[in-house]
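Reproduced below: target-v2.cif, with mmCIF, C-alpha atoms.
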```
data_coords
#
loop_
_atom_site.label_atom_id
_atom_site.label_comp_id
_atom_site.auth_asym_id
_atom_site.auth_seq_id
_atom_site.Cartn_x
_atom_site.Cartn_y
_atom_site.Cartn_z
CA MET S 1 107.24 -39.43 45.09
CA LYS S 2 106.55 -36.06 46.69
CA ASP S 3 109.78 -34.80 45.19
CA ILE S 4 108.76 -35.82 41.68
CA LEU S 5 105.41 -34.06 42.02
CA LYS S 6 107.09 -30.89 43.28
CA LEU S 7 109.70 -30.85 40.49
CA GLY S 8 107.08 -31.69 37.88
CA GLY S 9 104.89 -28.91 39.21
CA ILE S 10 107.68 -26.33 38.97
CA LEU S 11 108.51 -27.42 35.45
CA LEU S 12 104.83 -27.19 34.53
CA LEU S 13 104.67 -23.69 35.94
CA VAL S 14 107.74 -22.55 33.97
CA THR S 15 106.49 -24.02 30.70
CA ALA S 16 103.01 -22.57 31.29
CA ILE S 17 104.48 -19.07 31.76
CA ALA S 18 106.65 -19.54 28.66
CA GLY S 19 103.64 -20.77 26.68
CA ALA S 20 101.51 -17.84 27.80
CA ALA S 21 104.25 -15.36 26.87
CA LEU S 22 104.62 -16.97 23.44
CA SER S 23 100.91 -16.95 22.69
CA MET S 24 100.79 -13.27 23.63
CA VAL S 25 103.68 -12.44 21.31
CA ASN S 26 102.09 -14.57 18.60
CA ALA S 27 98.78 -12.73 18.92
CA ILE S 28 100.54 -9.38 18.54
CA THR S 29 102.78 -10.36 15.64
CA LYS S 30 100.46 -12.63 13.64
CA PRO S 31 98.54 -9.92 11.74
CA ARG S 32 101.83 -8.12 11.03
CA ILE S 33 103.48 -11.29 9.72
CA GLU S 34 100.50 -12.02 7.45
CA GLU S 35 100.58 -8.46 6.15
CA GLN S 36 104.31 -8.86 5.40
CA LYS S 37 103.63 -12.10 3.54
CA ARG S 38 100.95 -10.39 1.45
CA LEU S 39 103.39 -7.59 0.62
CA VAL S 40 106.06 -10.11 -0.42
CA THR S 41 103.59 -11.79 -2.81
CA GLN S 42 102.46 -8.42 -4.13
CA ARG S 43 106.03 -7.27 -4.79
CA ALA S 44 106.93 -10.61 -6.37
CA LEU S 45 103.93 -10.32 -8.71
CA THR S 46 105.01 -6.91 -9.96
CA THR S 47 108.54 -8.24 -10.59
CA ALA S 48 107.24 -11.34 -12.37
CA LEU S 49 104.77 -9.44 -14.57
CA PRO S 50 106.54 -6.16 -15.42
CA LYS S 51 104.15 -5.43 -18.30
CA ALA S 52 100.97 -5.94 -16.29
CA ASN S 53 99.28 -3.15 -14.40
CA PRO S 54 100.04 -3.86 -10.71
CA GLU S 55 96.41 -3.01 -9.92
CA ALA S 56 95.13 -5.52 -12.45
CA ILE S 57 96.72 -8.79 -11.37
CA VAL S 58 93.97 -11.16 -10.26
CA PRO S 59 94.32 -14.57 -8.62
CA VAL S 60 92.61 -17.59 -10.17
CA THR S 61 91.43 -20.13 -7.63
CA GLU S 62 91.06 -23.83 -8.10
CA ASN S 63 89.83 -26.06 -5.25
CA GLU S 64 89.93 -23.05 -2.91
CA SER S 65 93.63 -22.35 -3.42
CA VAL S 66 95.29 -19.98 -5.86
CA SER S 67 96.46 -21.92 -8.92
CA HIS S 68 97.84 -18.96 -10.86
CA TYR S 69 97.43 -15.22 -11.45
CA ILE S 70 96.35 -13.36 -14.56
CA GLY S 71 97.96 -10.00 -15.19
CA TYR S 72 96.11 -7.50 -17.40
CA GLN S 73 97.67 -4.53 -19.15
CA THR S 74 95.04 -2.10 -17.92
CA THR S 75 92.59 -1.96 -15.06
CA GLU S 76 89.76 -2.54 -17.56
CA LYS S 77 91.02 -6.15 -17.69
CA GLN S 78 90.87 -6.72 -21.42
CA ASN S 79 94.33 -7.42 -22.77
CA ILE S 80 96.21 -10.13 -20.91
CA ALA S 81 99.85 -9.17 -20.26
CA GLY S 82 100.79 -12.56 -18.87
CA TYR S 83 100.30 -15.19 -16.23
CA ALA S 84 102.08 -15.75 -12.93
CA PHE S 85 102.33 -18.76 -10.66
CA VAL S 86 104.29 -19.92 -7.63
CA ALA S 87 106.78 -22.69 -8.39
CA LYS S 88 107.82 -24.88 -5.46
CA GLY S 89 110.80 -27.18 -5.52
CA ALA S 90 112.78 -29.05 -2.86
CA GLY S 91 116.24 -27.50 -2.62
CA TYR S 92 119.12 -28.60 -0.41
CA SER S 93 117.57 -27.72 2.94
CA SER S 94 114.21 -26.11 2.20
CA ILE S 95 111.33 -25.79 -0.21
CA ILE S 96 112.23 -22.96 -2.57
CA GLU S 97 109.23 -20.88 -3.61
CA THR S 98 109.56 -18.76 -6.72
CA MET S 99 107.04 -16.39 -8.28
CA VAL S 100 107.22 -16.85 -12.05
CA GLY S 101 105.67 -14.62 -14.68
CA VAL S 102 105.22 -15.73 -18.30
CA ASP S 103 103.69 -13.93 -21.26
CA THR S 104 100.91 -15.42 -23.38
CA THR S 105 103.41 -17.27 -25.59
CA GLY S 106 104.98 -19.06 -22.62
CA THR S 107 108.17 -17.00 -22.36
CA VAL S 108 109.48 -16.13 -18.89
CA MET S 109 109.01 -12.41 -18.20
CA GLY S 110 110.29 -12.29 -14.65
CA ILE S 111 111.02 -14.46 -11.64
CA LYS S 112 111.40 -13.67 -7.97
CA ILE S 113 112.43 -16.13 -5.29
CA MET S 114 110.10 -15.52 -2.36
CA GLN S 115 111.05 -18.14 0.20
CA GLN S 116 114.14 -20.26 0.74
CA VAL S 117 116.21 -21.45 3.69
CA GLU S 118 119.25 -22.79 1.84
CA THR S 119 122.82 -22.98 3.15
CA PRO S 120 124.01 -19.47 4.10
CA GLY S 121 126.75 -18.35 1.72
CA LEU S 122 126.14 -21.13 -0.80
CA GLY S 123 122.50 -21.90 -1.68
CA THR S 124 121.34 -18.48 -0.52
CA LYS S 125 123.35 -16.99 -3.39
CA ILE S 126 120.48 -17.83 -5.75
CA GLU S 127 119.22 -14.46 -4.49
CA GLU S 128 122.63 -12.75 -4.55
CA VAL S 129 122.74 -9.27 -6.02
CA ARG S 130 126.32 -8.49 -7.01
CA TYR S 131 127.89 -5.28 -5.82
CA GLY S 132 126.89 -2.42 -8.09
CA GLU S 133 124.06 -4.36 -9.75
CA SER S 134 120.37 -3.98 -9.08
CA SER S 135 119.00 -7.46 -9.71
CA SER S 136 120.00 -11.04 -8.99
CA TRP S 137 122.36 -12.42 -11.66
CA PHE S 138 121.16 -15.98 -11.17
CA GLN S 139 117.48 -15.14 -11.53
CA ASP S 140 118.09 -12.80 -14.48
CA GLN S 141 119.29 -15.79 -16.52
CA PHE S 142 115.72 -17.13 -16.61
CA LEU S 143 114.36 -14.13 -18.50
CA ASN S 144 113.14 -14.60 -22.08
CA ARG S 145 113.42 -18.37 -21.96
CA ILE S 146 110.74 -20.92 -22.82
CA ALA S 147 110.22 -24.02 -20.65
CA ASP S 148 112.56 -26.17 -22.77
CA GLY S 149 115.49 -23.85 -22.07
CA LEU S 150 115.23 -24.10 -18.29
CA ILE S 151 118.11 -26.49 -17.66
CA VAL S 152 121.13 -25.77 -15.43
CA ASP S 153 124.67 -26.23 -16.71
CA LYS S 154 125.28 -29.41 -14.67
CA ASP S 155 122.36 -31.05 -16.50
CA GLY S 156 123.57 -29.98 -19.94
CA GLY S 157 121.73 -26.67 -20.17
CA ASP S 158 123.15 -23.17 -20.20
CA ILE S 159 121.83 -21.64 -16.97
CA ILE S 160 124.98 -21.01 -14.95
CA SER S 161 124.49 -22.33 -11.43
CA VAL S 162 125.90 -20.86 -8.24
CA THR S 163 129.23 -22.50 -7.39
CA GLY S 164 128.71 -25.15 -4.73
CA ALA S 165 124.93 -24.90 -4.89
CA THR S 166 123.89 -27.05 -7.84
CA ILE S 167 121.00 -28.63 -5.91
CA SER S 168 119.43 -25.27 -5.04
CA CYS S 169 119.82 -24.01 -8.63
CA ARG S 170 118.48 -27.20 -10.14
CA ALA S 171 115.47 -27.02 -7.80
CA VAL S 172 114.64 -23.51 -9.02
CA ALA S 173 115.00 -24.39 -12.72
CA ASN S 174 113.13 -27.69 -12.50
CA SER S 175 110.27 -26.33 -10.40
CA ILE S 176 109.73 -23.47 -12.85
CA LYS S 177 109.83 -25.86 -15.80
CA LYS S 178 107.28 -28.13 -14.13
CA GLY S 179 105.05 -25.20 -13.17
CA MET S 180 105.10 -23.90 -16.74
CA GLY S 181 103.98 -27.31 -17.99
CA GLU S 182 101.10 -27.30 -15.53
CA LEU S 183 100.13 -23.76 -16.49
CA GLU S 184 100.17 -24.66 -20.18
CA GLU S 185 97.83 -27.56 -19.47
CA ARG S 186 95.48 -25.36 -17.44
CA LEU S 187 95.33 -22.73 -20.16
CA GLY S 188 94.99 -25.31 -22.91
CA GLY S 189 98.29 -24.32 -24.49
CA PHE S 190 100.25 -21.11 -24.96
CA LYS S 191 99.86 -18.84 -27.98
CA VAL S 192 102.22 -19.46 -30.87
CA ASN S 193 103.89 -16.41 -32.31
CA MET Q 1 135.24 -9.67 40.70
CA SER Q 2 135.17 -6.33 38.91
CA LEU Q 3 132.50 -5.46 36.38
CA SER Q 4 134.98 -4.41 33.69
CA ASN Q 5 136.83 -7.67 34.11
CA GLU Q 6 133.60 -9.66 33.78
CA PHE Q 7 132.86 -7.77 30.58
CA SER Q 8 136.27 -7.99 28.93
CA LYS Q 9 136.95 -11.66 29.68
CA GLY Q 10 134.67 -12.63 26.79
CA PHE Q 11 137.05 -11.12 24.21
CA TYR Q 12 140.24 -12.99 24.98
CA LYS Q 13 140.71 -14.70 28.30
CA GLU Q 14 137.48 -16.69 28.11
CA ASN Q 15 136.53 -16.14 24.48
CA PRO Q 16 133.67 -18.59 23.90
CA VAL Q 17 134.95 -19.80 20.54
CA PHE Q 18 138.73 -19.64 20.81
CA LYS Q 19 139.16 -20.42 24.51
CA LEU Q 20 136.10 -22.31 25.73
CA ALA Q 21 135.52 -23.96 22.32
CA LEU Q 22 131.77 -23.47 22.71
CA GLY Q 23 129.26 -22.70 19.98
CA LEU Q 24 131.49 -24.21 17.29
CA CYS Q 25 128.57 -25.52 15.23
CA PRO Q 26 127.10 -22.08 14.36
CA THR Q 27 130.65 -20.71 14.11
CA LEU Q 28 131.51 -23.19 11.39
CA ALA Q 29 128.18 -22.78 9.63
CA VAL Q 30 127.88 -19.01 9.29
CA SER Q 31 131.44 -17.69 9.21
CA ASN Q 32 131.60 -17.73 5.41
CA SER Q 33 130.75 -14.06 5.07
CA VAL Q 34 131.24 -11.10 7.40
CA GLN Q 35 127.60 -10.06 7.04
CA ASN Q 36 126.39 -13.49 8.12
CA ALA Q 37 128.83 -13.54 11.02
CA ILE Q 38 127.77 -10.16 12.39
CA GLY Q 39 124.10 -11.04 11.94
CA MET Q 40 124.42 -14.33 13.78
CA GLY Q 41 126.53 -12.67 16.47
CA ALA Q 42 123.96 -9.91 17.04
CA ALA Q 43 121.03 -12.34 17.25
CA ALA Q 44 122.92 -14.67 19.61
CA THR Q 45 124.05 -11.76 21.79
CA PHE Q 46 120.46 -10.58 22.21
CA VAL Q 47 119.21 -14.03 23.21
CA LEU Q 48 122.22 -14.51 25.51
CA LEU Q 49 121.52 -11.21 27.29
CA CYS Q 50 117.83 -11.98 27.82
CA SER Q 51 118.37 -15.57 28.92
CA ASN Q 52 121.19 -14.60 31.31
CA VAL Q 53 119.06 -11.92 32.97
CA ILE Q 54 115.95 -14.11 33.33
CA ILE Q 55 117.89 -17.14 34.54
CA SER Q 56 119.76 -15.03 37.07
CA MET Q 57 116.44 -13.57 38.27
CA ILE Q 58 114.85 -17.00 38.84
CA ARG Q 59 118.02 -18.76 39.99
CA LYS Q 60 116.96 -19.05 43.66
CA GLY Q 61 113.63 -20.67 42.80
CA VAL Q 62 115.03 -23.23 40.36
CA PRO Q 63 115.59 -26.67 41.90
CA LYS Q 64 119.02 -28.05 41.01
CA LYS Q 65 117.66 -31.31 39.58
CA ILE Q 66 115.60 -29.70 36.83
CA ARG Q 67 117.68 -26.61 36.09
CA ILE Q 68 118.71 -27.73 32.60
CA PRO Q 69 115.17 -28.26 31.21
CA ILE Q 70 114.13 -24.91 32.73
CA TYR Q 71 117.11 -23.14 31.11
CA ILE Q 72 116.25 -24.68 27.76
CA VAL Q 73 112.61 -23.59 28.02
CA VAL Q 74 113.72 -20.01 28.81
CA ILE Q 75 116.21 -19.95 25.91
CA ALA Q 76 113.81 -21.49 23.40
CA THR Q 77 111.09 -19.02 24.41
CA PHE Q 78 113.36 -16.05 23.75
CA VAL Q 79 114.51 -17.45 20.44
CA THR Q 80 110.90 -17.85 19.30
CA ILE Q 81 110.02 -14.34 20.48
CA VAL Q 82 112.98 -12.90 18.57
CA ASP Q 83 111.95 -14.84 15.48
CA LEU Q 84 108.29 -13.71 15.59
CA VAL Q 85 109.05 -10.07 16.40
CA MET Q 86 111.62 -9.84 13.61
CA ALA Q 87 109.26 -11.46 11.10
CA GLY Q 88 106.50 -9.00 11.96
CA PHE Q 89 108.34 -5.75 12.52
CA ALA Q 90 111.69 -6.00 10.70
CA PRO Q 91 111.04 -8.19 7.64
CA ALA Q 92 114.26 -7.15 5.87
CA LEU Q 93 116.36 -8.15 8.88
CA HIS Q 94 114.35 -11.34 9.24
CA LYS Q 95 115.04 -12.23 5.63
CA SER Q 96 118.79 -12.06 6.11
CA LEU Q 97 118.94 -13.41 9.69
CA GLY Q 98 115.93 -15.71 9.66
CA ILE Q 99 117.97 -18.78 8.85
CA PHE Q 100 120.26 -18.29 11.86
CA VAL Q 101 117.63 -17.77 14.51
CA PRO Q 102 116.61 -21.43 14.93
CA LEU Q 103 120.33 -22.25 15.20
CA ILE Q 104 120.59 -20.16 18.38
CA VAL Q 105 118.55 -22.68 20.40
CA VAL Q 106 121.34 -25.20 19.97
CA ASN Q 107 124.12 -22.68 20.51
CA CYS Q 108 125.86 -24.10 23.55
CA VAL Q 109 127.42 -20.73 24.45
CA ILE Q 110 123.98 -19.69 25.72
CA LEU Q 111 123.24 -22.82 27.73
CA GLY Q 112 126.87 -22.83 28.85
CA ARG Q 113 126.66 -19.31 30.29
CA ALA Q 114 123.31 -20.08 31.92
CA GLU Q 115 124.79 -23.10 33.68
CA ALA Q 116 128.25 -21.75 34.45
CA TYR Q 117 127.45 -18.13 35.25
CA ALA Q 118 123.87 -16.81 35.32
CA GLY Q 119 122.66 -19.64 37.58
CA LYS Q 120 125.12 -18.52 40.26
CA ASN Q 121 125.53 -14.76 39.92
CA SER Q 122 123.50 -11.59 40.37
CA VAL Q 123 121.41 -10.04 37.60
CA LEU Q 124 123.80 -7.15 36.94
CA TYR Q 125 126.85 -9.41 36.68
CA SER Q 126 124.95 -11.88 34.49
CA PHE Q 127 123.93 -9.05 32.18
CA ILE Q 128 127.54 -7.86 31.86
CA ASP Q 129 128.74 -11.44 31.37
CA GLY Q 130 126.15 -11.98 28.63
CA LEU Q 131 127.11 -8.76 26.88
CA GLY Q 132 130.86 -9.50 27.01
CA MET Q 133 130.44 -13.12 25.92
CA GLY Q 134 128.04 -12.15 23.14
CA ILE Q 135 130.40 -9.53 21.76
CA GLY Q 136 133.32 -11.93 22.14
CA PHE Q 137 131.38 -14.56 20.18
CA THR Q 138 130.55 -12.01 17.46
CA PHE Q 139 134.21 -10.92 17.34
CA ALA Q 140 135.40 -14.54 16.94
CA LEU Q 141 132.88 -15.19 14.15
CA ALA Q 142 133.82 -11.95 12.43
CA ILE Q 143 137.57 -12.56 12.29
CA ILE Q 144 137.09 -16.10 10.95
CA ALA Q 145 134.64 -14.69 8.40
CA VAL Q 146 137.07 -11.94 7.31
CA VAL Q 147 139.67 -14.59 6.40
CA ARG Q 148 137.16 -16.88 4.70
CA GLU Q 149 135.30 -14.23 2.73
CA LEU Q 150 138.43 -12.34 1.68
CA LEU Q 151 140.37 -15.38 0.46
CA GLY Q 152 137.46 -17.60 -0.51
CA ASP Q 153 135.30 -15.05 -2.30
CA GLY Q 154 137.61 -12.05 -2.80
CA LYS Q 155 135.13 -9.80 -1.01
CA LEU Q 156 134.55 -8.05 2.30
CA TRP Q 157 130.96 -7.28 3.35
CA GLY Q 158 129.95 -8.29 -0.16
CA ILE Q 159 132.21 -5.69 -1.81
CA PRO Q 160 134.91 -7.01 -4.18
CA MET Q 161 138.38 -6.30 -2.79
CA PHE Q 162 140.61 -7.47 -5.63
CA GLY Q 163 140.64 -6.98 -9.37
CA SER Q 164 139.11 -9.49 -11.73
CA GLY Q 165 142.45 -11.33 -11.95
CA PHE Q 166 142.02 -12.69 -8.42
CA GLU Q 167 141.17 -16.37 -8.32
CA PRO Q 168 139.33 -17.06 -5.02
CA VAL Q 169 140.24 -20.13 -2.99
CA LEU Q 170 136.76 -21.63 -3.09
CA LEU Q 171 137.67 -24.25 -0.49
CA LEU Q 172 137.65 -21.60 2.22
CA ILE Q 173 133.99 -20.70 1.62
CA LEU Q 174 133.00 -24.38 1.66
CA PRO Q 175 132.68 -26.33 4.95
CA PRO Q 176 136.30 -27.65 5.00
CA GLY Q 177 137.49 -24.05 4.95
CA ALA Q 178 135.60 -23.42 8.18
CA PHE Q 179 137.48 -26.20 9.96
CA LEU Q 180 140.84 -25.11 8.54
CA THR Q 181 140.41 -21.45 9.50
CA LEU Q 182 139.02 -22.23 12.95
CA GLY Q 183 141.90 -24.66 13.56
CA MET Q 184 144.46 -22.04 12.58
CA PHE Q 185 142.94 -19.48 14.96
CA LEU Q 186 142.71 -21.98 17.83
CA GLY Q 187 146.36 -22.80 17.26
CA LEU Q 188 147.30 -19.14 17.13
CA PHE Q 189 145.51 -18.40 20.42
CA ASN Q 190 147.16 -21.38 22.14
CA TRP Q 191 150.54 -20.33 20.81
CA LEU Q 192 150.03 -16.79 22.15
CA ASP Q 193 149.15 -18.31 25.53
CA THR Q 194 152.23 -20.52 25.78
CA LYS Q 195 154.41 -17.57 24.78
CA ARG Q 196 152.76 -15.43 27.43
CA SER Q 197 153.13 -17.97 30.23
CA ALA Q 198 156.76 -18.71 29.24
CA ALA Q 199 157.67 -15.03 29.35
#
```

Can you give me the file's structure in the form of structure tokens?
Amino acid sequence: MKDILKLGGILLLVTAIAGAALSMVNAITKPRIEEQKRLVTQRALTTALPKANPEAIVPVTENESVSHYIGYQTTEKQNIAGYAFVAKGAGYSSIIETMVGVDTTGTVMGIKIMQQVETPGLGTKIEEVRYGESSSWFQDQFLNRIADGLIVDKDGGDIISVTGATISCRAVANSIKKGMGELEERLGGFKVN
Amino acid sequence: MSLSNEFSKGFYKENPVFKLALGLCPTLAVSNSVQNAIGMGAAATFVLLCSNVIISMIRKGVPKKIRIPIYIVVIATFVTIVDLVMAGFAPALHKSLGIFVPLIVVNCVILGRAEAYAGKNSVLYSFIDGLGMGIGFTFALAIIAVVRELLGDGKLWGIPMFGSGFEPVLLLILPPGAFLTLGMFLGLFNWLDTKRSAA
């Protein structure tokens, strides 16, 4: 009995020290991590809405969370350059979060995958930038498409998926398609050109 | 027990992957590109160094019966610290290595060295052991990755090595390729050993 108490006590001491160390590290790194997250969103927004003024992209909130962003052409906020939203879809081993920008007619202007923890070397290639190129070949395929065209090759569409990573690719395409449908509903329809 | 011997044993004589057959799970998972292999190796080496030093420092106060849970707490704490610090201060590195960091907790090379070495030896020797083993682990991952990336993807460090006529053997990048390549290397190392002892 005494032995159990002694061993339990030592274990408690070790875990308490470990816990204290972790909470200290957490307190130091938390503001930095949040700042990094904000920067990632900011950068993704400028990629998704290339025609909007980076200073004039404003979030629209619904039930206290951001439902989408509106990007204006100038800081006077008169002409809308497009809308952006975060599409979330379950991939192979993680929720893939993609920032998607569309213009007022519902055509994809830019996408940027912000968060994914897919299989290294397979699913992670949805972000692959080929040697000598400056942007991701997989994500570039989404440009200038409307929602109906967002289908990967395995499902009969013409978006070429990453070899060995159909699930990750399908998750990206389907989540964007779904998000565009939701955005269209929220806006009461896209403009027809 | 010389220091240089303790350091160099991790490369060949007691290579964690090829000789001790430890840490095979992360080896199989991340050896599909050289960049991934070096990244995983570097992160694991750092955690191994820290955990070896701390465990060696507290080894006299740790009761034998509960040494394993204590080792795991120490290792998991370091892994979390590495993860948080990288996320806050080196976001680019965290983006490419982030997926491997949680894998380190279950890397049995680290628990294995804590149990077999750091729990019994002085801080300096444990540090050297951790460094040698970590670099040996990285080296093992890297040579498997060179074979897999070169033949399976036609690239090295993400740079194409062959002309467009090269048809990569996709199997090598996929999980079965990890088992095949690792098996070949294990066989090669055993063969070298039998040759050496016969001579």

Can you check which residues of chain S have any atom within 9 Å of chain Q? Use only C-alpha atoms and format it as a short mmCIF file (atom, residue, chain, number, x, y, z; two decimals) with C-alpha atoms, in the coordinates of the input.
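Done, and the output landed in iface.cif:
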```cif
data_model
loop_
_atom_site.label_atom_id
_atom_site.label_comp_id
_atom_site.auth_asym_id
_atom_site.auth_seq_id
_atom_site.Cartn_x
_atom_site.Cartn_y
_atom_site.Cartn_z
CA LEU S 7 109.70 -30.85 40.49
CA GLY S 8 107.08 -31.69 37.88
CA ILE S 10 107.68 -26.33 38.97
CA LEU S 11 108.51 -27.42 35.45
CA VAL S 14 107.74 -22.55 33.97
CA THR S 15 106.49 -24.02 30.70
CA ALA S 18 106.65 -19.54 28.66
CA GLY S 19 103.64 -20.77 26.68
CA ALA S 21 104.25 -15.36 26.87
CA LEU S 22 104.62 -16.97 23.44
CA VAL S 25 103.68 -12.44 21.31
CA ASN S 26 102.09 -14.57 18.60
CA ILE S 28 100.54 -9.38 18.54
CA THR S 29 102.78 -10.36 15.64
CA LYS S 30 100.46 -12.63 13.64
CA PRO S 31 98.54 -9.92 11.74
CA ARG S 32 101.83 -8.12 11.03
CA ILE S 33 103.48 -11.29 9.72
CA GLU S 34 100.50 -12.02 7.45
CA GLU S 35 100.58 -8.46 6.15
CA GLN S 36 104.31 -8.86 5.40
CA GLN S 115 111.05 -18.14 0.20
CA VAL S 117 116.21 -21.45 3.69
CA GLU S 118 119.25 -22.79 1.84
CA THR S 119 122.82 -22.98 3.15
CA PRO S 120 124.01 -19.47 4.10
CA GLY S 121 126.75 -18.35 1.72
CA LEU S 122 126.14 -21.13 -0.80
CA ARG S 130 126.32 -8.49 -7.01
CA TYR S 131 127.89 -5.28 -5.82
CA GLY S 132 126.89 -2.42 -8.09
CA THR S 163 129.23 -22.50 -7.39
CA GLY S 164 128.71 -25.15 -4.73
#
```

Report task. Would you mind listing what lies within 10 Å of region 40-46 of chain Q as number ranges by chain, with all atoms listed in the file counted and same-chain residues fewer than 6 positions away left out? Result -> Q: 26-27, 30-31, 34, 52, 78-79, 82-83, 96-101, 103-105, 107, 109-110, 130-142

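Among S:Thr107, S:Asn63, S:Ser175, S:Thr166, the residue with the shortest atom-to-atom distance to Leu143 (chain S), counting all atoms listed in the file, is S:Thr107.
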
Requested in this report: Step by step, work through what the PyMOL selection byres ((chain S and resi 43-53) around 7) selects in the shown file, and finish by giving those residues as a count of residues only.
Outcome: 23

Requested in this report: Run through the PyMOL selection byres ((chain S and resi 98) around 6) on the given coordinates and return the selected residues as a PyMOL selection string.
Outcome: chain S and resi 86-87+97+99+112-114

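For the atom pair formed by CA of Asp148 (chain S) and CA of Ser168 (chain S), the distance is 19.0 Å, given to one decimal.
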
Query - Selected residue, from S:Asp153, S:Val162, S:Leu12, S:Val58, that lies nearest to Gln139 (chain S) when counting only C-alpha atoms - result: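 Looking at the shortest contact to Gln139 (chain S), the residue is S:Val162.
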
Please enclose the listed atoms of region 93-99 of chain S in an axis-aligned box, pad each side by 4 Å, and write out the centre and the three edge lengths in Å, rounded to one decimal, as AutoDock Vina command-line options.
```
--center_x 112.3 --center_y -22.1 --center_z -2.7 --size_x 18.5 --size_y 19.3 --size_z 19.2
```

Report task. Give me, please, the distance in Å between CA of Ile95 (chain S) and CA of Ile126 (chain S), quoted to one decimal. Result -> 13.3 Å

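Computed from the coordinates, the CA of Ile167 (chain S) to CA of Tyr69 (chain S) distance equals 27.7 Å.
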
Query raised in the report: What lies within 12 Å of Gly181 (chain S) using only C-alpha atoms, ignoring chain neighbours under 3 positions off, as a VMD selection string?
Result: chain S and resid 85 87 102 106 to 107 146 to 148 150 174 to 178 184 to 190

Since we have the selection now, will you write its residues out, keeping C-alpha atoms, as an mmCIF file, in the frame of the given file?
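Saved as out12.cif:
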```
data_model
loop_
_atom_site.group_PDB
_atom_site.id
_atom_site.type_symbol
_atom_site.label_atom_id
_atom_site.label_comp_id
_atom_site.auth_asym_id
_atom_site.auth_seq_id
_atom_site.Cartn_x
_atom_site.Cartn_y
_atom_site.Cartn_z
ATOM 1 C CA PHE S 85 102.330 -18.760 -10.660
ATOM 2 C CA ALA S 87 106.780 -22.690 -8.390
ATOM 3 C CA VAL S 102 105.220 -15.730 -18.300
ATOM 4 C CA GLY S 106 104.980 -19.060 -22.620
ATOM 5 C CA THR S 107 108.170 -17.000 -22.360
ATOM 6 C CA ILE S 146 110.740 -20.920 -22.820
ATOM 7 C CA ALA S 147 110.220 -24.020 -20.650
ATOM 8 C CA ASP S 148 112.560 -26.170 -22.770
ATOM 9 C CA LEU S 150 115.230 -24.100 -18.290
ATOM 10 C CA ASN S 174 113.130 -27.690 -12.500
ATOM 11 C CA SER S 175 110.270 -26.330 -10.400
ATOM 12 C CA ILE S 176 109.730 -23.470 -12.850
ATOM 13 C CA LYS S 177 109.830 -25.860 -15.800
ATOM 14 C CA LYS S 178 107.280 -28.130 -14.130
ATOM 15 C CA GLU S 184 100.170 -24.660 -20.180
ATOM 16 C CA GLU S 185 97.830 -27.560 -19.470
ATOM 17 C CA ARG S 186 95.480 -25.360 -17.440
ATOM 18 C CA LEU S 187 95.330 -22.730 -20.160
ATOM 19 C CA GLY S 188 94.990 -25.310 -22.910
ATOM 20 C CA GLY S 189 98.290 -24.320 -24.490
ATOM 21 C CA PHE S 190 100.250 -21.110 -24.960
#
```

**Report entry** Polymer residues at most 8 Å from Asp158 (chain S), all atoms listed in the file, same-chain spacing of 6 or more positions, as a list in words
**Finding:**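 The neighbour list is Gly149, Ile151 and Val152 of chain S.
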
**Report entry** Residue IDs satisfying the PyMOL selection byres ((chain Q and resi 177) around 10), as a PyMOL selection string
**Finding:** chain Q and resi 28+31-32+144+147-148+152+169-176+178-183

Please, could N, CA and C atoms be added to region 116-124 of chain Q and the result written as a short mmCIF file (atom, residue, chain, number, x, y, z; two decimals), in the coordinates of the input?
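Contents of the output file out.cif:
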```cif
data_model
loop_
_atom_site.label_atom_id
_atom_site.label_comp_id
_atom_site.auth_asym_id
_atom_site.auth_seq_id
_atom_site.Cartn_x
_atom_site.Cartn_y
_atom_site.Cartn_z
N ALA Q 116 127.00 -22.07 33.78
CA ALA Q 116 128.25 -21.75 34.45
C ALA Q 116 128.22 -20.39 35.14
N TYR Q 117 127.37 -19.47 34.69
CA TYR Q 117 127.45 -18.13 35.25
C TYR Q 117 126.12 -17.61 35.80
N ALA Q 118 125.11 -17.49 34.93
CA ALA Q 118 123.87 -16.81 35.32
C ALA Q 118 123.15 -17.54 36.45
N GLY Q 119 123.32 -18.88 36.53
CA GLY Q 119 122.66 -19.64 37.58
C GLY Q 119 123.27 -19.41 38.95
N LYS Q 120 124.41 -18.69 38.99
CA LYS Q 120 125.12 -18.52 40.26
C LYS Q 120 125.37 -17.06 40.62
N ASN Q 121 125.15 -16.15 39.68
CA ASN Q 121 125.53 -14.76 39.92
C ASN Q 121 124.35 -13.80 39.83
N SER Q 122 124.58 -12.57 40.31
CA SER Q 122 123.50 -11.59 40.37
C SER Q 122 123.11 -11.12 38.97
N VAL Q 123 121.95 -10.45 38.89
CA VAL Q 123 121.41 -10.04 37.60
C VAL Q 123 122.37 -9.11 36.87
N LEU Q 124 122.91 -8.12 37.57
CA LEU Q 124 123.80 -7.15 36.94
C LEU Q 124 125.04 -7.85 36.35
#
```
